[in-house]
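Shown here: input.csv, CSV, C-alpha atoms and all ligand atoms.
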chain,number,residue,atom,x,y,z
T,173,MET,CA,-29.1,46.4,-69.9
T,174,ARG,CA,-28.0,43.3,-71.8
T,175,ILE,CA,-30.3,40.7,-73.3
T,176,ASP,CA,-28.9,37.4,-74.6
T,177,ILE,CA,-31.3,35.4,-76.7
T,178,LEU,CA,-30.6,31.7,-77.3
T,179,THR,CA,-32.3,30.1,-80.3
T,180,VAL,CA,-32.0,27.4,-82.9
T,181,VAL,CA,-33.5,29.8,-85.5
T,182,PRO,CA,-31.6,33.1,-85.1
T,183,GLU,CA,-33.0,34.4,-88.5
T,184,LEU,CA,-36.4,34.7,-86.9
T,185,LEU,CA,-35.1,37.4,-84.5
T,186,VAL,CA,-33.0,39.6,-86.8
T,187,SER,CA,-35.7,41.9,-88.2
T,188,PRO,CA,-38.0,42.4,-85.2
T,189,LEU,CA,-35.0,43.4,-83.0
T,190,ASN,CA,-33.3,45.7,-85.5
T,191,GLU,CA,-35.9,48.2,-86.5
T,192,SER,CA,-37.6,51.2,-85.0
T,193,ILE,CA,-37.3,51.8,-81.2
T,194,LEU,CA,-35.2,48.6,-80.6
T,195,LYS,CA,-32.7,49.7,-83.3
T,196,ARG,CA,-32.4,53.2,-81.8
T,197,ALA,CA,-32.1,52.0,-78.2
T,198,GLN,CA,-29.2,49.7,-79.2
T,199,LYS,CA,-27.5,52.4,-81.2
T,200,ALA,CA,-27.9,54.8,-78.2
T,201,GLY,CA,-26.2,52.2,-76.0
T,202,LEU,CA,-29.3,51.7,-73.8
T,203,VAL,CA,-29.3,48.0,-74.4
T,204,ASP,CA,-27.1,45.3,-76.0
T,205,ILE,CA,-29.1,42.5,-77.6
T,206,VAL,CA,-27.0,39.5,-78.4
T,207,ILE,CA,-28.4,36.6,-80.4
T,208,HIS,CA,-26.8,33.2,-80.0
T,209,ASN,CA,-27.3,30.1,-82.2
T,210,ILE,CA,-27.6,27.1,-79.9
T,211,ARG,CA,-26.3,24.9,-82.7
T,212,ASP,CA,-22.9,26.6,-82.4
T,213,TRP,CA,-22.6,24.9,-79.0
T,214,THR,CA,-23.1,21.3,-80.2
T,215,THR,CA,-20.1,19.0,-80.4
T,216,ASP,CA,-21.3,16.2,-82.8
T,217,LYS,CA,-20.6,16.2,-86.5
T,218,HIS,CA,-24.3,16.8,-87.5
T,219,ARG,CA,-24.8,19.6,-84.9
T,220,HIS,CA,-27.9,18.0,-83.4
T,221,VAL,CA,-29.9,20.2,-81.1
T,222,ASP,CA,-32.8,17.8,-80.6
T,223,ASP,CA,-33.4,14.1,-80.0
T,224,TYR,CA,-36.2,11.6,-79.6
T,225,PRO,CA,-38.1,11.7,-76.2
T,226,PHE,CA,-37.7,9.0,-73.7
T,227,GLY,CA,-41.0,7.3,-73.1
T,228,GLY,CA,-42.2,7.5,-76.7
T,229,GLU,CA,-44.1,10.7,-77.1
T,230,ALA,CA,-44.6,12.3,-80.6
T,231,GLY,CA,-42.2,15.1,-81.6
T,232,MET,CA,-38.6,15.9,-80.7
T,233,VAL,CA,-37.0,17.4,-77.6
T,234,MET,CA,-34.3,20.0,-77.3
T,235,LYS,CA,-31.1,18.3,-76.0
T,236,PRO,CA,-29.7,19.6,-72.7
T,237,GLU,CA,-25.9,19.7,-73.5
T,238,PRO,CA,-25.7,22.5,-76.0
T,239,VAL,CA,-28.0,24.7,-74.0
T,240,PHE,CA,-26.2,23.9,-70.8
T,241,ARG,CA,-22.8,24.8,-72.4
T,242,LEU,CA,-24.0,28.1,-73.8
T,243,ILE,CA,-25.8,29.2,-70.6
T,244,SER,CA,-22.7,28.2,-68.4
T,245,HIS,CA,-20.4,30.1,-70.8
T,246,LEU,CA,-22.5,33.2,-70.5
T,247,GLN,CA,-22.8,32.9,-66.7
T,248,SER,CA,-19.0,32.6,-66.5
T,249,GLU,CA,-18.7,36.0,-68.1
T,250,ARG,CA,-21.3,38.0,-66.0
T,251,HIS,CA,-24.1,37.6,-63.5
T,252,TYR,CA,-27.6,37.2,-65.0
T,253,ASP,CA,-30.6,38.3,-63.0
T,254,GLU,CA,-33.0,35.9,-64.8
T,255,VAL,CA,-32.7,33.0,-67.2
T,256,ILE,CA,-36.1,33.1,-69.0
T,257,PHE,CA,-37.5,30.2,-71.0
T,258,THR,CA,-40.3,31.0,-73.4
T,259,THR,CA,-42.9,28.3,-73.3
T,260,PRO,CA,-46.8,28.0,-73.6
T,261,ASP,CA,-46.9,26.5,-70.1
T,262,GLY,CA,-45.1,29.4,-68.4
T,263,ILE,CA,-46.6,32.2,-66.3
T,264,GLN,CA,-48.7,34.6,-68.4
T,265,TYR,CA,-46.6,37.7,-69.5
T,266,ASP,CA,-48.1,41.1,-68.7
T,267,GLN,CA,-47.1,44.7,-68.3
T,268,ARG,CA,-46.1,44.3,-64.6
T,269,GLU,CA,-43.6,41.6,-65.6
T,270,ALA,CA,-42.3,43.8,-68.4
T,271,ASN,CA,-41.8,46.6,-65.9
T,272,ARG,CA,-39.9,44.3,-63.6
T,273,LEU,CA,-37.6,42.9,-66.3
T,274,SER,CA,-36.8,46.5,-67.5
T,275,THR,CA,-35.2,47.1,-64.1
T,276,LEU,CA,-32.7,44.2,-64.4
T,277,GLU,CA,-29.2,44.4,-65.6
T,278,ASN,CA,-28.6,41.2,-67.6
T,279,ILE,CA,-31.2,38.6,-68.7
T,280,ILE,CA,-31.0,35.5,-70.8
T,281,ILE,CA,-34.0,34.5,-72.9
T,282,LEU,CA,-33.9,30.9,-74.0
T,283,CYS,CA,-36.4,30.2,-76.9
T,284,GLY,CA,-38.2,26.9,-76.7
T,285,HIS,CA,-38.5,24.8,-79.8
T,286,TYR,CA,-39.8,21.4,-81.0
T,287,LYS,CA,-41.9,19.5,-78.5
T,288,GLY,CA,-40.1,21.1,-75.6
T,289,LEU,CA,-36.8,21.3,-73.7
T,290,ASP,CA,-35.2,18.5,-71.7
T,291,TYR,CA,-36.7,19.1,-68.3
T,292,ARG,CA,-33.4,19.1,-66.4
T,293,ILE,CA,-32.5,22.4,-68.0
T,294,ARG,CA,-35.8,23.9,-66.9
T,295,GLU,CA,-35.2,22.6,-63.3
T,296,HIS,CA,-31.6,23.5,-62.9
T,297,MET,CA,-30.8,26.5,-65.1
T,298,VAL,CA,-34.0,28.3,-65.9
T,299,THR,CA,-35.3,30.8,-63.3
T,300,ARG,CA,-38.5,32.1,-65.0
T,301,GLU,CA,-40.8,30.4,-67.5
T,302,ILE,CA,-42.9,32.8,-69.5
T,303,SER,CA,-45.9,32.4,-71.9
T,304,ILE,CA,-47.1,35.3,-74.0
T,305,GLY,CA,-50.6,33.8,-74.2
T,306,ASP,CA,-52.8,30.7,-74.3
T,307,TYR,CA,-51.9,29.6,-77.8
T,308,VAL,CA,-49.0,27.6,-79.3
T,309,LEU,CA,-46.4,29.2,-81.5
T,310,THR,CA,-44.0,27.3,-83.7
T,311,GLY,CA,-41.2,28.3,-81.4
T,312,GLY,CA,-40.3,30.7,-78.6
T,313,GLU,CA,-38.6,33.2,-80.9
T,314,LEU,CA,-41.6,35.4,-81.5
T,315,ALA,CA,-42.3,35.3,-77.7
T,316,ALA,CA,-38.7,36.4,-77.0
T,317,ALA,CA,-39.1,39.3,-79.5
T,318,VAL,CA,-42.3,40.3,-77.7
T,319,ILE,CA,-40.6,40.3,-74.4
T,320,ALA,CA,-37.5,42.2,-75.6
T,321,ASP,CA,-39.6,44.8,-77.4
T,322,SER,CA,-41.9,45.5,-74.4
T,323,VAL,CA,-38.9,45.7,-72.0
T,324,VAL,CA,-36.6,47.9,-74.2
T,325,ARG,CA,-39.3,50.5,-74.8
T,326,LEU,CA,-39.4,51.0,-71.0
T,327,LEU,CA,-35.8,51.9,-70.7
T,328,PRO,CA,-35.3,55.5,-69.9
T,329,GLY,CA,-34.5,57.4,-73.1
T,330,ALA,CA,-35.8,54.6,-75.4
T,331,ILE,CA,-38.9,56.6,-76.3
T,332,GLY,CA,-38.7,60.2,-77.3
T,333,ASP,CA,-41.7,61.5,-75.4
T,334,GLU,CA,-40.8,60.7,-71.8
T,335,GLU,CA,-44.4,60.4,-70.8
T,336,SER,CA,-45.5,58.1,-73.5
T,337,ALA,CA,-44.4,54.7,-72.0
T,338,LEU,CA,-46.1,55.7,-68.7
T,339,THR,CA,-49.4,56.4,-70.4
T,340,ASP,CA,-49.5,53.1,-72.3
T,341,SER,CA,-52.5,50.9,-72.0
T,342,PHE,CA,-52.1,48.6,-68.9
T,343,GLN,CA,-49.5,50.9,-67.2
T,344,ASP,CA,-52.1,52.0,-64.7
T,345,GLY,CA,-54.2,48.9,-65.0
T,346,LEU,CA,-56.6,50.5,-67.5
T,347,LEU,CA,-56.8,50.6,-71.3
T,348,ALA,CA,-55.6,53.9,-72.8
T,349,PRO,CA,-58.3,56.5,-73.8
T,350,PRO,CA,-58.9,57.2,-77.5
T,351,VAL,CA,-56.4,59.6,-79.2
T,352,TYR,CA,-57.1,62.0,-82.2
T,353,THR,CA,-55.0,64.2,-84.4
T,354,ARG,CA,-55.8,66.9,-87.0
T,355,PRO,CA,-58.0,67.6,-88.8
T,356,ALA,CA,-60.6,68.3,-86.1
T,357,GLU,CA,-63.3,67.2,-88.5
T,358,PHE,CA,-62.7,64.5,-91.1
T,359,ASN,CA,-65.3,62.9,-93.4
T,360,GLY,CA,-68.0,64.5,-91.2
T,361,TRP,CA,-66.5,62.7,-88.1
T,362,LYS,CA,-65.7,65.1,-85.3
T,363,VAL,CA,-63.0,65.0,-82.6
T,364,PRO,CA,-64.8,65.3,-79.2
T,365,ASP,CA,-65.3,68.9,-78.3
T,366,VAL,CA,-63.6,68.7,-74.9
T,367,LEU,CA,-60.2,67.9,-76.5
T,368,LEU,CA,-60.4,71.2,-78.5
T,369,SER,CA,-61.5,73.2,-75.4
T,370,GLY,CA,-58.0,74.0,-74.1
T,371,HIS,CA,-59.4,73.3,-70.6
T,372,ASP,CA,-56.7,71.0,-69.1
T,373,ALA,CA,-58.6,69.8,-66.1
T,374,ARG,CA,-61.6,68.9,-68.1
T,375,ILE,CA,-59.5,67.1,-70.7
T,376,GLU,CA,-57.8,65.0,-68.0
T,377,GLU,CA,-61.2,64.1,-66.5
T,378,TRP,CA,-62.5,63.1,-69.9
T,379,LYS,CA,-59.4,60.9,-70.5
T,380,GLU,CA,-59.9,59.2,-67.1
T,381,GLU,CA,-63.6,58.6,-67.8
T,382,GLN,CA,-62.8,57.2,-71.2
T,383,ALA,CA,-60.1,54.9,-69.9
T,384,MET,CA,-62.5,53.5,-67.3
T,385,GLU,CA,-65.4,53.1,-69.7
T,386,ARG,CA,-63.3,51.3,-72.3
T,387,THR,CA,-61.8,49.0,-69.7
T,388,ARG,CA,-65.2,48.2,-68.2
T,389,ARG,CA,-66.6,47.4,-71.7
T,390,LEU,CA,-63.6,45.7,-73.3
T,391,ARG,CA,-61.5,44.2,-70.5
T,392,PRO,CA,-63.6,44.0,-67.3
T,393,ASP,CA,-61.1,41.3,-66.0
T,394,LEU,CA,-58.5,44.1,-65.5
T,395,LEU,CA,-60.8,45.9,-63.0
T,396,GLU,CA,-61.2,42.7,-61.0
T,397,LYS,CA,-57.4,42.5,-60.7
T,401,LIG,N1,-43.7,28.9,-77.5
T,401,LIG,C1,-44.7,28.4,-78.1
T,401,LIG,N2,-45.9,29.0,-77.8
T,401,LIG,C2,-45.5,30.0,-76.9
T,401,LIG,C3,-46.3,31.0,-76.1
T,401,LIG,N3,-47.6,31.1,-76.3
T,401,LIG,N4,-45.6,31.8,-75.3
T,401,LIG,C4,-44.3,31.6,-75.2
T,401,LIG,N5,-43.5,30.7,-75.8
T,401,LIG,C5,-44.1,29.9,-76.7
If you convert what's in this file into structure tokens, what do you get?
Amino acid sequence: MRIDILTVVPELLVSPLNESILKRAQKAGLVDIVIHNIRDWTTDKHRHVDDYPFGGEAGMVMKPEPVFRLISHLQSERHYDEVIFTTPDGIQYDQREANRLSTLENIIILCGHYKGLDYRIREHMVTREISIGDYVLTGGELAAAVIADSVVRLLPGAIGDEESALTDSFQDGLLAPPVYTRPAEFNGWKVPDVLLSGHDARIEEWKEEQAMERTRRLRPDLLEK
């Protein structure tokens, strides 16, 4: 898989994408993550990536030309399955969308900035607009990092324990059950007996009950879906 991330603040993406699982996955050749500075695709002396909005709103708007040039250049080199734009008014990101994106070959993630992006780029070049939640970030970079992280961990081989991405919270529409490790008793607090019983069927049943109980209590909206 290849993920191209287009940003006016590349520095924001360096560390989140170059540690831990994402670092290993790139080293192992499971994914290529390429960060592009939109400013490198300007042609004016001052390398402007934004301008005043027509119609006199407050704030600046990302100019269309550098973004258009960069996306066109990338598309002339390979086919992209999606051109994603990170924006608070996009569709709400969730595990189902992460799963879908993880099956694609090449994706572009364009990070929003300033007051927004010239709407012609959204209409003519972007194929998917994604929000990571109902709150406003300074820019779309952290959203792009969230998307890249959640997608890459799903790629076969990215996670050591093959099972572990499949048993994540949300993967079956439920929150994950509680987990424990040694010691079996700590500070007078005990691990539930059933987990120490060695009885696989009973342990599975307990995990399912716990997942259901936690979901009902903490995220009843997931059960309605
Ligand atoms: N840019 C600013 N806020 C955002 C959000 N909540 N999701 C995606 N991109 C954003």
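Residues in contact with ligand LIG 401 (chain T) comprise Phe257, Thr258, Thr259, Pro260, Asp261, Gly262, Cys283, Gly284, His285, Ile302, Ser303, Ile304, Gly305, Asp306, Tyr307, Val308, Leu309, Thr310, Gly311, Gly312, Glu313, Leu314, Ala315 and Ala316 of chain T, where contact means an atom-to-atom distance of at most 8 Å counting all atoms listed in the file.
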Exercise for the section: Would you mind reading off the distance between atom CA of Glu380 of chain T and atom CA of Val351 of chain T, one decimal, in Å? Expected result: 12.6 Å
Fill in the blank from the handout: One decimal place gives the atom CA of Glu295 of chain T-atom CA of Asp204 of chain T separation as 27.2 Å
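With only C-alpha atoms as the atoms that count, the minimum distance from Ala270 of chain T to the choices T:Phe342, T:Ala373, T:Ile210, T:Val323 is reached by T:Val323.
Across T:Trp361, T:Trp378, T:Tyr352, T:Tyr291, the tightest approach to Met234 of chain T is made by T:Tyr291 when counting only C-alpha atoms.
Between atom CA of Arg294 of chain T and atom CA of Pro225 of chain T there is a distance of 15.5 Å.
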Handout entry: 12 Å contact set for Asp344 of chain T, all atoms listed in the file, chain neighbours under 2 positions out, as a VMD selection string
Key = chain T and resid 267 to 268 271 337 to 342 346 to 349 380 383 to 384 387 394 to 395 397
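Nearest residue to Lys195 of chain T, choosing from T:Ser369, T:Leu242, T:Asp321, T:Asp290 and counting all atoms listed in the file: T:Asp321.
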Problem - Residue contacts of Tyr286 of chain T (7 Å, only C-alpha atoms) excluding same-chain residues fewer than 5 positions away, as a ChimeraX atom specification - result: /T:231-234
Fewer than 4 positions away in the same chain doesn't count, so skip those; otherwise give me all residues within 12 Å of segment 212-223 of chain T, counting only C-alpha atoms, as a PDB file with C-alpha atoms, keeping the file's coordinate frame.
ATOM      1  CA  LEU T 178     -30.600  31.700 -77.300  1.00  0.00           C
ATOM      2  CA  THR T 179     -32.300  30.100 -80.300  1.00  0.00           C
ATOM      3  CA  VAL T 180     -32.000  27.400 -82.900  1.00  0.00           C
ATOM      4  CA  VAL T 181     -33.500  29.800 -85.500  1.00  0.00           C
ATOM      5  CA  PRO T 182     -31.600  33.100 -85.100  1.00  0.00           C
ATOM      6  CA  ILE T 207     -28.400  36.600 -80.400  1.00  0.00           C
ATOM      7  CA  HIS T 208     -26.800  33.200 -80.000  1.00  0.00           C
ATOM      8  CA  GLY T 228     -42.200   7.500 -76.700  1.00  0.00           C
ATOM      9  CA  GLU T 229     -44.100  10.700 -77.100  1.00  0.00           C
ATOM     10  CA  ALA T 230     -44.600  12.300 -80.600  1.00  0.00           C
ATOM     11  CA  GLY T 231     -42.200  15.100 -81.600  1.00  0.00           C
ATOM     12  CA  MET T 232     -38.600  15.900 -80.700  1.00  0.00           C
ATOM     13  CA  VAL T 233     -37.000  17.400 -77.600  1.00  0.00           C
ATOM     14  CA  MET T 234     -34.300  20.000 -77.300  1.00  0.00           C
ATOM     15  CA  LYS T 235     -31.100  18.300 -76.000  1.00  0.00           C
ATOM     16  CA  PRO T 236     -29.700  19.600 -72.700  1.00  0.00           C
ATOM     17  CA  GLU T 237     -25.900  19.700 -73.500  1.00  0.00           C
ATOM     18  CA  PRO T 238     -25.700  22.500 -76.000  1.00  0.00           C
ATOM     19  CA  VAL T 239     -28.000  24.700 -74.000  1.00  0.00           C
ATOM     20  CA  PHE T 240     -26.200  23.900 -70.800  1.00  0.00           C
ATOM     21  CA  ARG T 241     -22.800  24.800 -72.400  1.00  0.00           C
ATOM     22  CA  LEU T 242     -24.000  28.100 -73.800  1.00  0.00           C
ATOM     23  CA  ILE T 243     -25.800  29.200 -70.600  1.00  0.00           C
ATOM     24  CA  SER T 244     -22.700  28.200 -68.400  1.00  0.00           C
ATOM     25  CA  HIS T 245     -20.400  30.100 -70.800  1.00  0.00           C
ATOM     26  CA  LEU T 246     -22.500  33.200 -70.500  1.00  0.00           C
ATOM     27  CA  GLY T 284     -38.200  26.900 -76.700  1.00  0.00           C
ATOM     28  CA  HIS T 285     -38.500  24.800 -79.800  1.00  0.00           C
ATOM     29  CA  TYR T 286     -39.800  21.400 -81.000  1.00  0.00           C
ATOM     30  CA  LYS T 287     -41.900  19.500 -78.500  1.00  0.00           C
ATOM     31  CA  GLY T 288     -40.100  21.100 -75.600  1.00  0.00           C
ATOM     32  CA  LEU T 289     -36.800  21.300 -73.700  1.00  0.00           C
ATOM     33  CA  ASP T 290     -35.200  18.500 -71.700  1.00  0.00           C
TER      34      ASP T 290
END
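The nearest approach to Leu194 of chain T among the residues T:Ile319, T:Ala356, T:Ile263, T:Val324, with only C-alpha atoms taken into account, belongs to T:Val324.
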Return as AutoDock Vina command-line options the centre and edge lengths, in Å with one decimal, of the box along x, y and z that encloses every atom of segment 196-208 of chain T in the file, padded by 5 Å per side.
--center_x -29.3 --center_y 44.0 --center_z -77.8 --size_x 16.2 --size_y 31.6 --size_z 18.0
